[in-house]
Amino acid sequence: MGHGNSNKLYVTHAEHSGMFGQHTASSAGFKGKSQAYDPRTITPFDCCALSFQPFTHPVCARNADGTGLVFDLVNIIPWLKQHNNTNPITKEPLAPSELITLHYSRKSTGEIHDPISFKPFSEHSHIVAIATTGNVFLAESIKGGRDLVADVKYKKEDVITLQNPHSFPSASVPAATAKAVPAENAKGAVAKAPTASEPSAPKTKAPVPWNVSPYSTGLPGASLTSTSIDPQTSTSQLVWDEEELMFDDFASPPKGKGKEKDVGKRRAYVRVVTSLGGGSLNLELFCEKAPKTCYNFLQLAREGKYNNCLFHRLVPGFMIQTGDPTGTGSGGESYWGTPFRDEHEMRNAAKHDARGVVAMANKGPGTNTSQFYVTFKATPHLDKKHTVFGKLVGGEDILNALEVIPVKPGTDRPAKQIRITEVIIHQDPFEEYKSRQQKKLERKAEAEMMARAGKAAEKKDRDDINWFGVKVGLESMESSAAGGGVGKYLNIGTKRPAPKESLGSFPDVGIAEDSKKKRKIGFGNFEGW
């Protein structure tokens with residue numbers, strides 16, 4: 001009962017303190033609880049999604065995925081008139097005629113409840129509405145395809161999900177699916193079942209991705225023990241992330257004689273052009289020591305995210321910082337849109353051991369985005385705190401000029417605005433890796449196609465001989481000639497050979513009798529038993 005942590009016959013408080021009641025006594029539950037979606041950011045079920053105030057005239061705007069947003073009529077109509085009929089949440093077109101009036105059941109105290117089971121609504125309730133009547137129910141109360149309040153029938157596409165906080169199986173269907181069915185019926189398109197004369201097309205096996213892992217996703221087992229996951233009956237293999245596999249290949253040293261010295265091919269070389277007289281900083285990026293950080297820098301530079309970025313922080317004798325498109329020092333995003341991990345704990349990680357070291361600026365562990373800095377001297381106290389991913393290999397005079405720029409009194413902002421004009425990429429080993437990988441996959445696919453074609457055309461020897469030693473097809477010909485049933489054993493139509501008289505015959509002298517016997521192949525015929 002204690003999941004290996006104790007022998008108690010009940011679940012302890014520590015085991016039940018995880019997110020969504022998961023039983024764990026480790027720190028995973030606490031971490032998951034701290035990273036959970038804050039319920040305060042969800043609009044309450046009895047409030048308008050536009051004003052976040054309790055509604056008095058609730059209406060619903062239906063989405064394409066079968067869900068709906070609840071607004072107050074006195075708030076949504078002025079918004080639509082002012083913003084050209086645009087949904088304030090999804091930014092999709094929304095006309096006033098598309099709003100559905102909702103009818104909530106309330107107690108005398110004003111509490112909203114389900115009209116069938118009289119259960120009160122809460123932030124954990126699965127709430128749905130019927131589009132044709134506007135009545136609001138709990139999802140467990142709409143069964144049988146009939147609105148029990150208005151006593152009218154409804155279809156499944158008429159169900160709108162208003163609140164589903166725990167991702168229970170949806171009671172509604174997407175609007176695209178709902179519209180596709182009547183359209184097909186209107187055209188009279190009827191799918192014919194395959195008959196014996198018209199065999200169905202053979203099912204082609206889905207290609208296996210090259211980055212598939214030997215591990216399972218675990219969805220069948222998770223859906224068996226969890227009510228918040230849709231049932232899964234087929235196993236599926238976990239697929240590795242292609243970028244992570246690429247980063248592992250770069251971090252692993254190449255094997256082979258002389259390949260250890262070939263480090264230049266695994267490094268990137270860029271030129272950061274500045275507005276300081278058109279001078280440039282030539283950088284060498286350590287893709288084998290910080291692959292993800294270098295990939296983030298190169299992709300942002302390729303997309304032009306660093307163009308016109310301001311050198312917003314300058315500390316003479318320490319470092320100069322840039323990479324924030326807003327120029328405030330608090331902005332910037334990574335290539336993936338979220339902060340990514342540090343790489344200063346990797347094997348052979350670079351250190352702040354010289355002037356011109358290029359490293360990532362962060363706000364703490366695992367908060368790297370787009371900002372980076374260049375040091376003016378060795379700063380070993382920043383090791384194990386910031387990821388070093390490059391160094392200066394050219395433009396020392398520009399770095400000296402940046403260091404002597406005066407700063408505004410009382411701040412660390414340069415008095416003169418210096419910007420990054422552009423970032424020119426001279427060598428990108430990641431793009432070369434992708435092209436090699438693509439060619440490798442194409443050759444592999446071509447080899448597999450040639451192998452399948454060769455197997456279909458080539459026929460190996462003795463493929464038409466069964467394990468009895470009889471050629472396939474001969475036994476069927478013999479049986480068809482003799483007829484079916486018992487008559488196949490009578491050998492009708494064949495003459496019985498006359499017995500040979502051996503009264504006056506003598507065996508040949510010097511010839512063994514066994515040598516005259518014909519060698520038999522296989523096990524022979526068993527019909528004479």
# chains A, B, ... in the order shown; residues from 1 in each chain; ligands from 1

call {"tool": "residues_around", "arguments": {"residues": "Phe52 (chain A)", "least_positions_apart": "3", "cutoff": "10 Å", "atoms": "only C-alpha atoms", "output": "list in words"}}
result
Ile42, Thr43, Pro44, Phe45, Asp46, Cys47, Cys48, Ala49, Phe55, Phe71 and Asp72 of chain A

call {"tool": "closest_atom_pairs", "arguments": {"of": "region 370-474 of chain A", "to": "region 292-300 of chain A", "cutoff": "10 Å", "atoms": "only C-alpha atoms", "output": "tab-separated table"}}
result
residue	atom	partner	partner_atom	distance
A:Ser370	CA	A:Phe297	CA	7.2
A:Gln371	CA	A:Phe297	CA	9.3
A:Phe372	CA	A:Phe297	CA	9.2
A:Thr387	CA	A:Thr293	CA	7.9
A:Val388	CA	A:Thr293	CA	8.7
A:Phe389	CA	A:Cys294	CA	6.3
A:Gly390	CA	A:Cys294	CA	8.2
A:Val423	CA	A:Leu298	CA	9.1
A:Ile424	CA	A:Leu298	CA	9.7
A:Ile425	CA	A:Leu298	CA	7.7
A:Gln427	CA	A:Leu298	CA	9.9
A:Asp428	CA	A:Leu298	CA	7.7
A:Pro429	CA	A:Tyr295	CA	9.5
A:Phe430	CA	A:Tyr295	CA	7.3
A:Glu431	CA	A:Tyr295	CA	9.9

call {"tool": "residues_around", "arguments": {"residues": "Leu73 (chain A)", "least_positions_apart": "3", "cutoff": "7 Å", "atoms": "only C-alpha atoms", "output": "NGL selection string"}}
result
:A and (57-59 or 76-77)

call {"tool": "closest_residue", "arguments": {"among": "A:Ala359, A:Leu392, A:Phe318, A:Asn368", "to": "Val270 (chain A)", "atoms": "only C-alpha atoms"}}
result
A:Leu392

call {"tool": "select_by_dssp", "arguments": {"residues": "region 250-283 of chain A", "states": "strand (DSSP E)", "output": "list in words"}}
result
Ala268, Tyr269, Val270, Arg271, Val272, Val273, Thr274, Ser280, Leu281, Asn282 and Leu283 of chain A

call {"tool": "residues_around", "arguments": {"residues": "region 406-417 of chain A", "least_positions_apart": "6", "cutoff": "8 Å", "atoms": "only C-alpha atoms", "output": "list of chain:residue names"}}
result
A:Leu310, A:Phe311, A:His312, A:Arg313, A:Leu314, A:Val315

call {"tool": "residues_around", "arguments": {"residues": "Val272 (chain A)", "least_positions_apart": "6", "cutoff": "9 Å", "atoms": "only C-alpha atoms", "output": "list in words"}}
result
Gly279, Ser280, Leu281, Asn282, Leu283, Ile420, Thr421, Glu422, Val423, Ile424 and Ile425 of chain A

call {"tool": "write_last_selection", "arguments": {"atoms": "C-alpha atoms", "output": "PDB file, in the first residue's frame"}}
result
ATOM      1  CA  GLY A 279      33.295  46.964 -37.020  1.00  0.00           C
ATOM      2  CA  SER A 280      32.674  43.292 -36.350  1.00  0.00           C
ATOM      3  CA  LEU A 281      33.209  40.732 -33.627  1.00  0.00           C
ATOM      4  CA  ASN A 282      34.273  37.359 -35.035  1.00  0.00           C
ATOM      5  CA  LEU A 283      33.092  34.526 -32.812  1.00  0.00           C
ATOM      6  CA  ILE A 420      24.066  44.791 -33.686  1.00  0.00           C
ATOM      7  CA  THR A 421      23.535  45.459 -37.378  1.00  0.00           C
ATOM      8  CA  GLU A 422      23.471  41.816 -38.446  1.00  0.00           C
ATOM      9  CA  VAL A 423      24.915  38.402 -37.679  1.00  0.00           C
ATOM     10  CA  ILE A 424      26.587  36.631 -40.605  1.00  0.00           C
ATOM     11  CA  ILE A 425      27.000  32.844 -40.335  1.00  0.00           C
TER      12      ILE A 425
END

call {"tool": "closest_residue", "arguments": {"among": "A:Ser275, A:Ser334, A:Thr379, A:Gln53", "to": "Ile398 (chain A)", "atoms": "only C-alpha atoms"}}
result
A:Ser275

call {"tool": "atom_distance", "arguments": {"atom1": "CA of Thr227 (chain A)", "atom2": "CA of Val128 (chain A)"}}
result
18.7 Å

call {"tool": "atom_distance", "arguments": {"atom1": "CA of Val159 (chain A)", "atom2": "CA of Ala131 (chain A)"}}
result
6.2 Å

call {"tool": "closest_atom_pairs", "arguments": {"of": "region 359-448 of chain A", "to": "region 240-247 of chain A", "cutoff": "10 Å", "atoms": "only C-alpha atoms", "output": "JSON lines"}}
result
{"residue": "A:Phe430", "atom": "CA", "partner": "A:Met246", "partner_atom": "CA", "distance": 8.1}
{"residue": "A:Tyr433", "atom": "CA", "partner": "A:Met246", "partner_atom": "CA", "distance": 8.0}
{"residue": "A:Lys434", "atom": "CA", "partner": "A:Met246", "partner_atom": "CA", "distance": 8.6}
{"residue": "A:Gln437", "atom": "CA", "partner": "A:Met246", "partner_atom": "CA", "distance": 9.7}

call {"tool": "atom_distance", "arguments": {"atom1": "CA of Ser51 (chain A)", "atom2": "CA of Asn75 (chain A)"}}
result
7.2 Å

call {"tool": "closest_residue", "arguments": {"among": "A:Leu224, A:Leu276, A:Ala354, A:Ile405", "to": "Pro380 (chain A)", "atoms": "only C-alpha atoms"}}
result
A:Ala354

call {"tool": "residues_around", "arguments": {"residues": "region 117-126 of chain A", "least_positions_apart": "2", "cutoff": "7 Å", "atoms": "only C-alpha atoms", "output": "PDB file with N, CA and C atoms, in the first residue's frame"}}
result
ATOM      1  N   PRO A  44     -13.726  31.521 -13.900  1.00  0.00           N
ATOM      2  CA  PRO A  44     -14.744  30.801 -13.126  1.00  0.00           C
ATOM      3  C   PRO A  44     -15.961  30.487 -13.989  1.00  0.00           C
ATOM      4  N   PHE A  45     -16.632  29.394 -13.672  1.00  0.00           N
ATOM      5  CA  PHE A  45     -17.732  28.920 -14.501  1.00  0.00           C
ATOM      6  C   PHE A  45     -18.926  29.868 -14.474  1.00  0.00           C
ATOM      7  N   ILE A 112     -25.683  28.017  -8.645  1.00  0.00           N
ATOM      8  CA  ILE A 112     -25.977  27.303  -9.894  1.00  0.00           C
ATOM      9  C   ILE A 112     -25.829  25.810  -9.651  1.00  0.00           C
ATOM     10  N   HIS A 113     -26.776  25.039 -10.188  1.00  0.00           N
ATOM     11  CA  HIS A 113     -26.760  23.593  -9.986  1.00  0.00           C
ATOM     12  C   HIS A 113     -27.243  22.907 -11.250  1.00  0.00           C
ATOM     13  N   ASP A 114     -27.088  21.598 -11.279  1.00  0.00           N
ATOM     14  CA  ASP A 114     -27.555  20.779 -12.394  1.00  0.00           C
ATOM     15  C   ASP A 114     -29.062  20.567 -12.256  1.00  0.00           C
ATOM     16  N   PRO A 115     -29.843  20.787 -13.312  1.00  0.00           N
ATOM     17  CA  PRO A 115     -31.297  20.650 -13.178  1.00  0.00           C
ATOM     18  C   PRO A 115     -31.785  19.214 -13.033  1.00  0.00           C
ATOM     19  N   VAL A 128     -21.539  21.130 -19.515  1.00  0.00           N
ATOM     20  CA  VAL A 128     -21.843  21.169 -20.941  1.00  0.00           C
ATOM     21  C   VAL A 128     -23.161  21.905 -21.141  1.00  0.00           C
ATOM     22  N   LEU A 138     -24.593  19.071 -16.100  1.00  0.00           N
ATOM     23  CA  LEU A 138     -23.373  18.310 -15.903  1.00  0.00           C
ATOM     24  C   LEU A 138     -23.270  17.262 -16.994  1.00  0.00           C
ATOM     25  N   ALA A 139     -22.050  16.897 -17.361  1.00  0.00           N
ATOM     26  CA  ALA A 139     -21.870  15.948 -18.463  1.00  0.00           C
ATOM     27  C   ALA A 139     -22.470  14.586 -18.140  1.00  0.00           C
ATOM     28  N   GLN A 163     -16.828  23.634 -19.545  1.00  0.00           N
ATOM     29  CA  GLN A 163     -15.748  23.503 -18.572  1.00  0.00           C
ATOM     30  C   GLN A 163     -15.392  22.033 -18.446  1.00  0.00           C
ATOM     31  N   ASN A 164     -14.111  21.747 -18.598  1.00  0.00           N
ATOM     32  CA  ASN A 164     -13.607  20.377 -18.463  1.00  0.00           C
ATOM     33  C   ASN A 164     -12.223  20.455 -17.836  1.00  0.00           C
ATOM     34  N   PRO A 165     -12.126  20.745 -16.548  1.00  0.00           N
ATOM     35  CA  PRO A 165     -10.814  21.040 -15.942  1.00  0.00           C
ATOM     36  C   PRO A 165      -9.882  19.861 -15.863  1.00  0.00           C
TER      37      PRO A 165
END

call {"tool": "select_by_dssp", "arguments": {"residues": "region 36-104 of chain A", "states": "helix (DSSP H, G or I)", "output": "number ranges by chain"}}
result
A: 39-41, 73-82, 96-98

call {"tool": "write_last_selection", "arguments": {"atoms": "N, CA, C and O atoms", "output": "mmCIF file, in the first residue's frame"}}
result
data_model
loop_
_atom_site.group_PDB
_atom_site.id
_atom_site.type_symbol
_atom_site.label_atom_id
_atom_site.label_comp_id
_atom_site.auth_asym_id
_atom_site.auth_seq_id
_atom_site.Cartn_x
_atom_site.Cartn_y
_atom_site.Cartn_z
ATOM 1 N N PRO A 39 -4.888 27.350 -10.985
ATOM 2 C CA PRO A 39 -6.341 27.405 -11.191
ATOM 3 C C PRO A 39 -6.888 28.812 -11.176
ATOM 4 O O PRO A 39 -7.999 29.050 -11.644
ATOM 5 N N ARG A 40 -6.133 29.758 -10.663
ATOM 6 C CA ARG A 40 -6.635 31.126 -10.627
ATOM 7 C C ARG A 40 -6.657 31.763 -12.016
ATOM 8 O O ARG A 40 -7.330 32.781 -12.211
ATOM 9 N N THR A 41 -5.896 31.197 -12.958
ATOM 10 C CA THR A 41 -5.897 31.743 -14.302
ATOM 11 C C THR A 41 -7.064 31.231 -15.136
ATOM 12 O O THR A 41 -7.242 31.672 -16.267
ATOM 13 N N LEU A 73 -23.953 39.168 -22.099
ATOM 14 C CA LEU A 73 -24.469 39.822 -23.293
ATOM 15 C C LEU A 73 -24.174 41.320 -23.280
ATOM 16 O O LEU A 73 -23.883 41.909 -24.336
ATOM 17 N N VAL A 74 -24.195 41.925 -22.121
ATOM 18 C CA VAL A 74 -23.963 43.376 -22.040
ATOM 19 C C VAL A 74 -22.489 43.722 -22.244
ATOM 20 O O VAL A 74 -22.166 44.896 -22.439
ATOM 21 N N ASN A 75 -21.618 42.740 -22.209
ATOM 22 C CA ASN A 75 -20.188 42.979 -22.421
ATOM 23 C C ASN A 75 -19.727 42.594 -23.821
ATOM 24 O O ASN A 75 -18.870 43.257 -24.405
ATOM 25 N N ILE A 76 -20.258 41.499 -24.359
ATOM 26 C CA ILE A 76 -19.758 40.993 -25.632
ATOM 27 C C ILE A 76 -20.292 41.792 -26.821
ATOM 28 O O ILE A 76 -19.579 41.982 -27.819
ATOM 29 N N ILE A 77 -21.527 42.322 -26.737
ATOM 30 C CA ILE A 77 -22.082 43.066 -27.874
ATOM 31 C C ILE A 77 -21.307 44.354 -28.127
ATOM 32 O O ILE A 77 -20.919 44.637 -29.270
ATOM 33 N N PRO A 78 -21.019 45.177 -27.108
ATOM 34 C CA PRO A 78 -20.185 46.358 -27.399
ATOM 35 C C PRO A 78 -18.797 46.008 -27.918
ATOM 36 O O PRO A 78 -18.234 46.721 -28.755
ATOM 37 N N TRP A 79 -18.219 44.896 -27.417
ATOM 38 C CA TRP A 79 -16.905 44.474 -27.910
ATOM 39 C C TRP A 79 -16.959 44.128 -29.398
ATOM 40 O O TRP A 79 -16.087 44.532 -30.174
ATOM 41 N N LEU A 80 -17.986 43.382 -29.816
ATOM 42 C CA LEU A 80 -18.084 42.978 -31.219
ATOM 43 C C LEU A 80 -18.282 44.193 -32.125
ATOM 44 O O LEU A 80 -17.749 44.242 -33.235
ATOM 45 N N LYS A 81 -19.032 45.182 -31.663
ATOM 46 C CA LYS A 81 -19.232 46.378 -32.479
ATOM 47 C C LYS A 81 -17.947 47.184 -32.595
ATOM 48 O O LYS A 81 -17.669 47.786 -33.641
ATOM 49 N N GLN A 82 -17.152 47.192 -31.563
ATOM 50 C CA GLN A 82 -15.939 47.994 -31.555
ATOM 51 C C GLN A 82 -14.782 47.323 -32.272
ATOM 52 O O GLN A 82 -13.920 47.992 -32.834
ATOM 53 N N PRO A 96 -22.865 38.557 -33.882
ATOM 54 C CA PRO A 96 -23.823 38.528 -32.768
ATOM 55 C C PRO A 96 -24.912 37.466 -32.931
ATOM 56 O O PRO A 96 -25.435 36.957 -31.942
ATOM 57 N N SER A 97 -25.250 37.141 -34.191
ATOM 58 C CA SER A 97 -26.286 36.121 -34.413
ATOM 59 C C SER A 97 -25.810 34.724 -34.044
ATOM 60 O O SER A 97 -26.627 33.808 -33.885
ATOM 61 N N GLU A 98 -24.495 34.510 -33.922
ATOM 62 C CA GLU A 98 -23.968 33.192 -33.583
ATOM 63 C C GLU A 98 -23.952 32.929 -32.084
ATOM 64 O O GLU A 98 -23.649 31.814 -31.656
#

call {"tool": "residues_around", "arguments": {"residues": "His103 (chain A)", "least_positions_apart": "5", "cutoff": "10 Å", "atoms": "only C-alpha atoms", "output": "list of chain:residue names"}}
result
A:His57, A:Pro58, A:Val59, A:Ala129, A:Ile130, A:Thr133, A:Gly134, A:Asn135, A:Val136, A:Phe137
